[in-house]
Amino acid sequence: MRYSFRLLRPPEVVVLAVAAAALFLGPAWIDIGYLRLIAEILFVFTMAQMWNLLAGYVGLVSFGHQAFVGIGAYTLFFVSNSLGLSPFVCVPLAGLGCVLTAALLSPFFFRLRDAYFSIAMWVFAEVVRIIVSQSAALGSVYGMPLKTARQIDRIWFTWGCYWWSVGLALASVVVTIVLLRSRVGLGLIAIRENDLAAKSLGINVWSAKLVAFLISSLGSGMAGAGFYMASFHVDPGGAFDVNWVVIMLFIVLLGGLGTVEGPVVGTAVYFILRGFLADTGNWYLIGMGVVAALSVILAPKGIWGALSHRGIELVRLRRNPMLSQRR
Amino acid sequence: MTVTIVGLLVNGLFLGSLYGLIGLGLAFAFGVMRVVNVAHGEFVILAAFIGVTLVPYNPASPLLLVPVVAAIMFMVGWSLQAFLLDRVVGKDQMPALLITFGLSVALRNVFVEIWGADSKSIVVGALKFSSIEVLGIRLGELPMLTFAVAVALFVGLQILLSKTSLGRVIRATADDAETVQLFGVGPRRIYAISMGLAVSASAVAGVLFAMRSSFNPFSGVERLLIAFEVVIIGGVGSLWGALLGGFVLGVSQLVGLYFAPNSGLLYPHLVFFAILMFAPYGISGQRQ
């Protein structure tokens, strides 16, 4: 099968390579205090992008992605502390833990449609939170510190977390673009529009959904592991908090559901607002909920959706049948 | 031992009737409007807070609060549908799902702002502790009263839907919102009334619940998850299934708490997953 669409186009490769080089050299030109903030932003961005992959392209709206954030974080802390491994090595293991979890869930959860999938995921996250809160080996409700972090030089540790955040954020963008331009991605978009019609065209709905679900859990889990690694401590109340999904949803809805650029815009807006409004406590959360709800009614395609409607497009994911014939 | 088991079962049924009522509201809104109201748990908690606020103004039995709060919450549900959800009602469930999710976040924190983050409960005085003994089993009067109210509501709603003209119009609208317009029915009006009924039925559960045990602004999540499990276990769109689902969860919670006092809602959640694995369309087996 010859693809009519290149997976990555030359201008995109150039932009991504420049961004990668500039970001990976960050420690050379960015103050260490900012590196920590940027790492946090990029971890959250990765989670939002991964949530978007599932909600925006497959139509699976998960209200339980905090489960992957928490499982990722706890896998990293537990493996690193008990085996004495460097936490940086354990980030992929955290992702693996989440992928295995997602694979085990999929046979049961894929039978549920729409909202039932959304809330079943949430129930799952609650179950894991309660079990973790009662597990003495995982520090019960108090959580646990990352002991192995003390063996690493403070500055190196910050750099390591930062590099992981850069790697994950770039990977989340590249994987999303490549996946959606691949044959599987075409199937995913067909499933989102009408899964019955997609099935009748010979698309394997189950395996296409599974690919997206596994990738999404992998990315969210690694980002969750990185986020808590950078803060040295994890507790069940925070790691399994539904507010993780609130943040992902806010970023994606405001930026533009089902676009690669949307989460970039949304993350920027979120952190700018947080910077100004964090002192207002509750009102900041109230505002976040209201804005998310109103944006569904007033601007259902988000900020980037409104821009791309006016012809502005950076990452082209739409397919043009005439063009593909010419190639 | 037998007495303990029977006691757990009976009290589980009492608790389950409230769970059934909370699930009923969610199922009803889904059945008529195809709207999954993620803020459902927050409305249950809002009803409880309104109840707490009204207690000082109520000289008579605390049970008098129930109809007052139900009436207020009917208006809240009506407004939610008329002003917000009507704009997105249609084939795609996602917009309503996302709107109510955003709304639930905002409501939770509005509660904290108005009523504070502390746990509260509706004071019912002596009623809370009075009980009668039947065949060696102690039955609290309050749980029995709440059970009676819950079952009465189920019966009432069943009669409303099957015997009255409003019920017929609601069922017709649920079946085919386009065709009923040919008969002079405005589906939007019916949607608003249905959401009002759904929210007020669950509000009754919220008030009764707050008399039994304490709640805080964040308890809405637990209520929502229970409501959702009730709906799945009972089968989507089944009134009596919801009551049955509530019973299953109520009994499994009390049995779970008997063996593991700190487990919270762990056992109802696990029972829910077990049922999901073996009977994905619920106990009543209806496929929707």
# chains A, B, ... in the order shown; residues from 1 in each chain; ligands from 1
$ select_by_dssp --residues "stretch 5-251 of chain B" --states "helix (DSSP H, G or I)" --output "number ranges by chain"
B: 5-33, 40-57, 62-87, 94-115, 125-128, 141-163, 165-175, 177-182, 187-212, 220-234, 239-251
$ interface_residues --of "chain B" --to "chain A" --cutoff "8 Å" --atoms "only C-alpha atoms" --output "PyMOL selection string"
chain B and resi 36+87-88+93-95+97-107+109-110+112-113+225+228+263-264+266+269-270+276-277+280
$ write_last_selection --atoms "C-alpha atoms" --output "mmCIF file, in the first residue's frame"
data_model
loop_
_atom_site.group_PDB
_atom_site.id
_atom_site.type_symbol
_atom_site.label_atom_id
_atom_site.label_comp_id
_atom_site.auth_asym_id
_atom_site.auth_seq_id
_atom_site.Cartn_x
_atom_site.Cartn_y
_atom_site.Cartn_z
ATOM 1 C CA VAL B 36 -25.337 12.372 30.485
ATOM 2 C CA ARG B 87 -28.177 24.627 22.826
ATOM 3 C CA VAL B 88 -26.321 21.378 22.291
ATOM 4 C CA GLN B 93 -23.544 13.433 23.276
ATOM 5 C CA MET B 94 -20.077 14.900 23.630
ATOM 6 C CA PRO B 95 -20.924 18.648 23.946
ATOM 7 C CA LEU B 97 -20.898 15.759 28.469
ATOM 8 C CA LEU B 98 -18.166 18.390 28.323
ATOM 9 C CA ILE B 99 -20.445 21.264 29.392
ATOM 10 C CA THR B 100 -21.737 19.448 32.451
ATOM 11 C CA PHE B 101 -18.198 18.357 33.337
ATOM 12 C CA GLY B 102 -17.098 22.009 33.303
ATOM 13 C CA LEU B 103 -20.189 22.945 35.267
ATOM 14 C CA SER B 104 -19.421 20.310 37.907
ATOM 15 C CA VAL B 105 -15.927 21.740 38.458
ATOM 16 C CA ALA B 106 -17.344 25.250 38.829
ATOM 17 C CA LEU B 107 -20.174 24.139 41.162
ATOM 18 C CA ASN B 109 -15.778 25.284 44.063
ATOM 19 C CA VAL B 110 -18.779 27.589 44.320
ATOM 20 C CA VAL B 112 -16.618 25.810 48.934
ATOM 21 C CA GLU B 113 -16.923 29.554 48.438
ATOM 22 C CA LEU B 225 -20.001 7.567 40.217
ATOM 23 C CA PHE B 228 -23.575 5.978 37.001
ATOM 24 C CA SER B 263 -12.609 0.844 52.253
ATOM 25 C CA GLY B 264 -15.147 3.602 51.454
ATOM 26 C CA LEU B 266 -14.123 0.389 47.004
ATOM 27 C CA HIS B 269 -16.863 -0.069 42.593
ATOM 28 C CA LEU B 270 -15.414 -3.592 42.425
ATOM 29 C CA LEU B 276 -19.454 -4.963 33.769
ATOM 30 C CA MET B 277 -17.234 -7.895 32.837
ATOM 31 C CA PRO B 280 -22.017 -5.568 30.034
#
$ residues_around --residues "B:Ser162" --least-positions-apart "6" --cutoff "12 Å" --atoms "only C-alpha atoms" --output "list in words"
Val155, Gly156, Arg168, Val169, Ile170, Arg171, Ala172 and Leu239 of chain B
$ residues_around --residues "stretch 38-54 of chain A" --least-positions-apart "2" --cutoff "7 Å" --atoms "only C-alpha atoms" --output "PyMOL selection string"
chain A and resi 34-36+56-61+161-162+165-166+168-169+172+176+212-213+216+219-220+223+226-227+248+251-252+257-258+263+267
$ closest_residue --among "A:Ile203, A:Leu307, A:Leu96, A:Ala73" --to "A:Leu138" --atoms "only C-alpha atoms"
A:Ala73
$ residues_around --residues "B:Leu54" --least-positions-apart "6" --cutoff "12 Å" --atoms "only C-alpha atoms" --output "list in words"
Ala47, Ala48, Ala60, Pro62, Leu63, Leu64, Leu65, Val66, Val68, Val69, Ile72, Ile122, Val123 and Val207 of chain B
$ closest_residue --among "A:Ala149, A:Val91, A:Ile32, A:Ile189" --to "A:Trp164" --atoms "only C-alpha atoms"
A:Val91
$ residues_around --residues "B:Gly220" --least-positions-apart "4" --cutoff "6 Å" --atoms "only C-alpha atoms" --output "PyMOL selection string"
chain B and resi 41-42+45
$ residues_around --residues "A:Gly237" --least-positions-apart "2" --cutoff "9 Å" --atoms "only C-alpha atoms" --output "list in words"
Arg129, Ser133, Val141, Tyr142, Gly143, Val234, Asp235, Ala239, Phe240 and Asp241 of chain A
$ write_last_selection --atoms "C-alpha atoms" --output "PDB file, in the first residue's frame"
ATOM      1  CA  ARG A 129      -6.761   5.681  44.288  1.00  0.00           C
ATOM      2  CA  SER A 133      -4.320   4.934  49.702  1.00  0.00           C
ATOM      3  CA  VAL A 141      -2.526   8.253  52.131  1.00  0.00           C
ATOM      4  CA  TYR A 142       0.740  10.069  52.853  1.00  0.00           C
ATOM      5  CA  GLY A 143       2.449   8.902  49.677  1.00  0.00           C
ATOM      6  CA  VAL A 234       3.873  11.564  45.253  1.00  0.00           C
ATOM      7  CA  ASP A 235       0.614  11.114  47.183  1.00  0.00           C
ATOM      8  CA  ALA A 239      -1.748  11.932  41.674  1.00  0.00           C
ATOM      9  CA  PHE A 240      -5.233  10.466  41.255  1.00  0.00           C
ATOM     10  CA  ASP A 241      -7.018  13.828  41.460  1.00  0.00           C
TER      11      ASP A 241
END
$ select_by_dssp --residues "stretch 109-282 of chain B" --states "strand (DSSP E)" --output "ChimeraX atom specification"
/B:131-134,137-140
$ write_last_selection --atoms "C-alpha atoms" --output "short mmCIF file (atom, residue, chain, number, x, y, z; two decimals), in the first residue's frame"
data_model
loop_
_atom_site.label_atom_id
_atom_site.label_comp_id
_atom_site.auth_asym_id
_atom_site.auth_seq_id
_atom_site.Cartn_x
_atom_site.Cartn_y
_atom_site.Cartn_z
CA SER B 131 -34.87 2.70 66.18
CA ILE B 132 -37.14 -0.24 66.56
CA GLU B 133 -36.25 -3.88 66.94
CA VAL B 134 -37.81 -6.43 64.61
CA ILE B 137 -32.58 -6.73 64.16
CA ARG B 138 -32.27 -3.07 65.01
CA LEU B 139 -33.78 -0.93 62.29
CA GLY B 140 -33.22 2.82 62.39
#
$ atom_distance --atom1 "atom CA of B:Val89" --atom2 "atom CA of B:Val38"
14.8 Å
$ atom_distance --atom1 "atom CA of A:Val245" --atom2 "atom CA of A:Ala299"
20.0 Å
$ atom_distance --atom1 "atom CA of A:Val260" --atom2 "atom CA of A:Thr75"
28.6 Å
$ decode --residues "stretch 118-270 of chain A" --atoms "C-alpha atoms" --output "mmCIF file, in the first residue's frame"
data_model
loop_
_atom_site.group_PDB
_atom_site.id
_atom_site.type_symbol
_atom_site.label_atom_id
_atom_site.label_comp_id
_atom_site.auth_asym_id
_atom_site.auth_seq_id
_atom_site.Cartn_x
_atom_site.Cartn_y
_atom_site.Cartn_z
ATOM 1 C CA SER A 118 -15.869 8.324 30.145
ATOM 2 C CA ILE A 119 -17.255 7.598 33.582
ATOM 3 C CA ALA A 120 -16.121 3.968 33.776
ATOM 4 C CA MET A 121 -12.573 5.311 33.379
ATOM 5 C CA TRP A 122 -13.271 7.672 36.262
ATOM 6 C CA VAL A 123 -14.529 4.810 38.443
ATOM 7 C CA PHE A 124 -11.361 2.903 37.587
ATOM 8 C CA ALA A 125 -9.197 5.851 38.671
ATOM 9 C CA GLU A 126 -11.135 6.030 41.966
ATOM 10 C CA VAL A 127 -10.622 2.310 42.577
ATOM 11 C CA VAL A 128 -6.878 2.608 42.022
ATOM 12 C CA ARG A 129 -6.761 5.681 44.288
ATOM 13 C CA ILE A 130 -8.536 3.870 47.129
ATOM 14 C CA ILE A 131 -6.327 0.781 46.779
ATOM 15 C CA VAL A 132 -3.134 2.870 46.693
ATOM 16 C CA SER A 133 -4.320 4.934 49.702
ATOM 17 C CA GLN A 134 -4.630 1.713 51.684
ATOM 18 C CA SER A 135 -1.409 0.104 50.580
ATOM 19 C CA ALA A 136 1.287 0.402 53.235
ATOM 20 C CA ALA A 137 4.004 -0.500 50.710
ATOM 21 C CA LEU A 138 3.053 2.607 48.714
ATOM 22 C CA GLY A 139 2.951 4.882 51.756
ATOM 23 C CA SER A 140 -0.857 4.816 52.161
ATOM 24 C CA VAL A 141 -2.526 8.253 52.131
ATOM 25 C CA TYR A 142 0.740 10.069 52.853
ATOM 26 C CA GLY A 143 2.449 8.902 49.677
ATOM 27 C CA MET A 144 6.195 8.473 49.370
ATOM 28 C CA PRO A 145 9.359 10.438 48.633
ATOM 29 C CA LEU A 146 11.743 9.708 45.782
ATOM 30 C CA LYS A 147 14.737 8.519 47.792
ATOM 31 C CA THR A 148 16.961 7.835 44.806
ATOM 32 C CA ALA A 149 16.761 11.509 43.793
ATOM 33 C CA ARG A 150 19.005 12.405 46.737
ATOM 34 C CA GLN A 151 21.890 10.485 45.172
ATOM 35 C CA ILE A 152 21.817 12.728 42.124
ATOM 36 C CA ASP A 153 23.326 16.193 42.006
ATOM 37 C CA ARG A 154 20.549 18.818 42.309
ATOM 38 C CA ILE A 155 21.450 20.625 39.087
ATOM 39 C CA TRP A 156 21.839 17.432 37.094
ATOM 40 C CA PHE A 157 18.535 16.247 38.458
ATOM 41 C CA THR A 158 16.753 19.398 37.276
ATOM 42 C CA TRP A 159 18.362 19.051 33.866
ATOM 43 C CA GLY A 160 17.392 15.390 33.651
ATOM 44 C CA CYS A 161 13.752 16.150 34.437
ATOM 45 C CA TYR A 162 13.826 19.003 31.956
ATOM 46 C CA TRP A 163 15.248 16.812 29.172
ATOM 47 C CA TRP A 164 12.623 14.181 29.800
ATOM 48 C CA SER A 165 9.903 16.830 29.562
ATOM 49 C CA VAL A 166 11.313 18.137 26.265
ATOM 50 C CA GLY A 167 11.629 14.623 24.864
ATOM 51 C CA LEU A 168 8.109 13.652 25.848
ATOM 52 C CA ALA A 169 6.528 16.876 24.576
ATOM 53 C CA LEU A 170 8.241 16.600 21.174
ATOM 54 C CA ALA A 171 7.492 12.889 20.957
ATOM 55 C CA SER A 172 3.822 13.508 21.732
ATOM 56 C CA VAL A 173 3.584 15.949 18.824
ATOM 57 C CA VAL A 174 5.509 13.778 16.356
ATOM 58 C CA VAL A 175 3.666 10.586 17.311
ATOM 59 C CA THR A 176 0.290 12.314 16.995
ATOM 60 C CA ILE A 177 1.098 13.698 13.553
ATOM 61 C CA VAL A 178 2.602 10.459 12.245
ATOM 62 C CA LEU A 179 -0.198 8.332 13.666
ATOM 63 C CA LEU A 180 -2.924 10.494 12.153
ATOM 64 C CA ARG A 181 -1.302 10.534 8.743
ATOM 65 C CA SER A 182 -0.860 6.795 8.767
ATOM 66 C CA ARG A 183 -3.423 4.258 7.638
ATOM 67 C CA VAL A 184 -4.398 3.645 11.257
ATOM 68 C CA GLY A 185 -5.041 7.360 11.741
ATOM 69 C CA LEU A 186 -7.361 7.508 8.762
ATOM 70 C CA GLY A 187 -9.292 4.667 10.378
ATOM 71 C CA LEU A 188 -9.397 6.520 13.706
ATOM 72 C CA ILE A 189 -10.933 9.621 12.175
ATOM 73 C CA ALA A 190 -13.460 7.456 10.337
ATOM 74 C CA ILE A 191 -14.368 5.821 13.660
ATOM 75 C CA ARG A 192 -14.852 9.198 15.336
ATOM 76 C CA GLU A 193 -17.224 10.311 12.597
ATOM 77 C CA ASN A 194 -19.234 7.093 12.436
ATOM 78 C CA ASP A 195 -17.949 3.848 13.847
ATOM 79 C CA LEU A 196 -20.617 1.718 12.209
ATOM 80 C CA ALA A 197 -19.810 3.066 8.751
ATOM 81 C CA ALA A 198 -16.098 2.682 9.470
ATOM 82 C CA LYS A 199 -16.647 -0.954 10.376
ATOM 83 C CA SER A 200 -18.578 -1.618 7.194
ATOM 84 C CA LEU A 201 -15.663 -0.216 5.161
ATOM 85 C CA GLY A 202 -13.435 -2.893 6.642
ATOM 86 C CA ILE A 203 -11.709 -0.817 9.309
ATOM 87 C CA ASN A 204 -10.783 -2.849 12.350
ATOM 88 C CA VAL A 205 -12.432 -0.539 14.889
ATOM 89 C CA TRP A 206 -11.208 -2.454 17.908
ATOM 90 C CA SER A 207 -7.510 -2.526 17.003
ATOM 91 C CA ALA A 208 -7.485 1.090 15.809
ATOM 92 C CA LYS A 209 -9.033 2.230 19.108
ATOM 93 C CA LEU A 210 -6.588 0.047 21.009
ATOM 94 C CA VAL A 211 -3.560 1.628 19.302
ATOM 95 C CA ALA A 212 -4.761 5.121 20.260
ATOM 96 C CA PHE A 213 -5.650 4.071 23.815
ATOM 97 C CA LEU A 214 -2.257 2.436 24.395
ATOM 98 C CA ILE A 215 -0.321 5.401 23.016
ATOM 99 C CA SER A 216 -2.420 7.813 25.068
ATOM 100 C CA SER A 217 -1.877 5.845 28.272
ATOM 101 C CA LEU A 218 1.845 5.533 27.543
ATOM 102 C CA GLY A 219 2.305 9.278 27.037
ATOM 103 C CA SER A 220 0.124 10.351 29.970
ATOM 104 C CA GLY A 221 1.799 7.823 32.260
ATOM 105 C CA MET A 222 5.331 8.880 31.356
ATOM 106 C CA ALA A 223 4.397 12.552 31.701
ATOM 107 C CA GLY A 224 2.779 11.860 35.080
ATOM 108 C CA ALA A 225 5.886 9.974 36.197
ATOM 109 C CA GLY A 226 8.079 12.868 35.037
ATOM 110 C CA PHE A 227 5.910 15.468 36.729
ATOM 111 C CA TYR A 228 6.051 13.754 40.129
ATOM 112 C CA MET A 229 9.711 12.833 39.684
ATOM 113 C CA ALA A 230 10.443 16.557 39.359
ATOM 114 C CA SER A 231 8.585 17.262 42.612
ATOM 115 C CA PHE A 232 10.313 14.431 44.612
ATOM 116 C CA HIS A 233 7.098 13.288 46.285
ATOM 117 C CA VAL A 234 3.873 11.564 45.253
ATOM 118 C CA ASP A 235 0.614 11.114 47.183
ATOM 119 C CA PRO A 236 -2.622 9.407 46.104
ATOM 120 C CA GLY A 237 -4.835 12.472 46.689
ATOM 121 C CA GLY A 238 -2.807 14.540 44.233
ATOM 122 C CA ALA A 239 -1.748 11.932 41.674
ATOM 123 C CA PHE A 240 -5.233 10.466 41.255
ATOM 124 C CA ASP A 241 -7.018 13.828 41.460
ATOM 125 C CA VAL A 242 -9.691 14.346 38.820
ATOM 126 C CA ASN A 243 -8.311 17.880 38.458
ATOM 127 C CA TRP A 244 -5.674 16.367 36.134
ATOM 128 C CA VAL A 245 -8.454 15.645 33.666
ATOM 129 C CA VAL A 246 -9.953 19.082 34.320
ATOM 130 C CA ILE A 247 -6.626 20.631 33.274
ATOM 131 C CA MET A 248 -6.252 18.389 30.202
ATOM 132 C CA LEU A 249 -9.835 19.066 29.163
ATOM 133 C CA PHE A 250 -9.529 22.821 29.716
ATOM 134 C CA ILE A 251 -6.352 23.015 27.636
ATOM 135 C CA VAL A 252 -7.707 20.897 24.813
ATOM 136 C CA LEU A 253 -11.173 22.475 24.662
ATOM 137 C CA LEU A 254 -9.868 26.010 24.787
ATOM 138 C CA GLY A 255 -7.048 25.370 22.326
ATOM 139 C CA GLY A 256 -9.040 23.251 19.912
ATOM 140 C CA LEU A 257 -10.206 19.657 20.216
ATOM 141 C CA GLY A 258 -8.842 17.388 17.518
ATOM 142 C CA THR A 259 -5.993 19.623 16.357
ATOM 143 C CA VAL A 260 -2.270 19.177 16.998
ATOM 144 C CA GLU A 261 -1.759 22.911 17.507
ATOM 145 C CA GLY A 262 -4.740 23.281 19.882
ATOM 146 C CA PRO A 263 -3.018 21.885 22.987
ATOM 147 C CA VAL A 264 -0.007 24.164 22.323
ATOM 148 C CA VAL A 265 -2.244 27.239 22.374
ATOM 149 C CA GLY A 266 -4.319 25.855 25.250
ATOM 150 C CA THR A 267 -1.277 25.082 27.397
ATOM 151 C CA ALA A 268 0.038 28.617 26.874
ATOM 152 C CA VAL A 269 -3.328 30.118 27.834
ATOM 153 C CA TYR A 270 -3.650 27.823 30.846
#
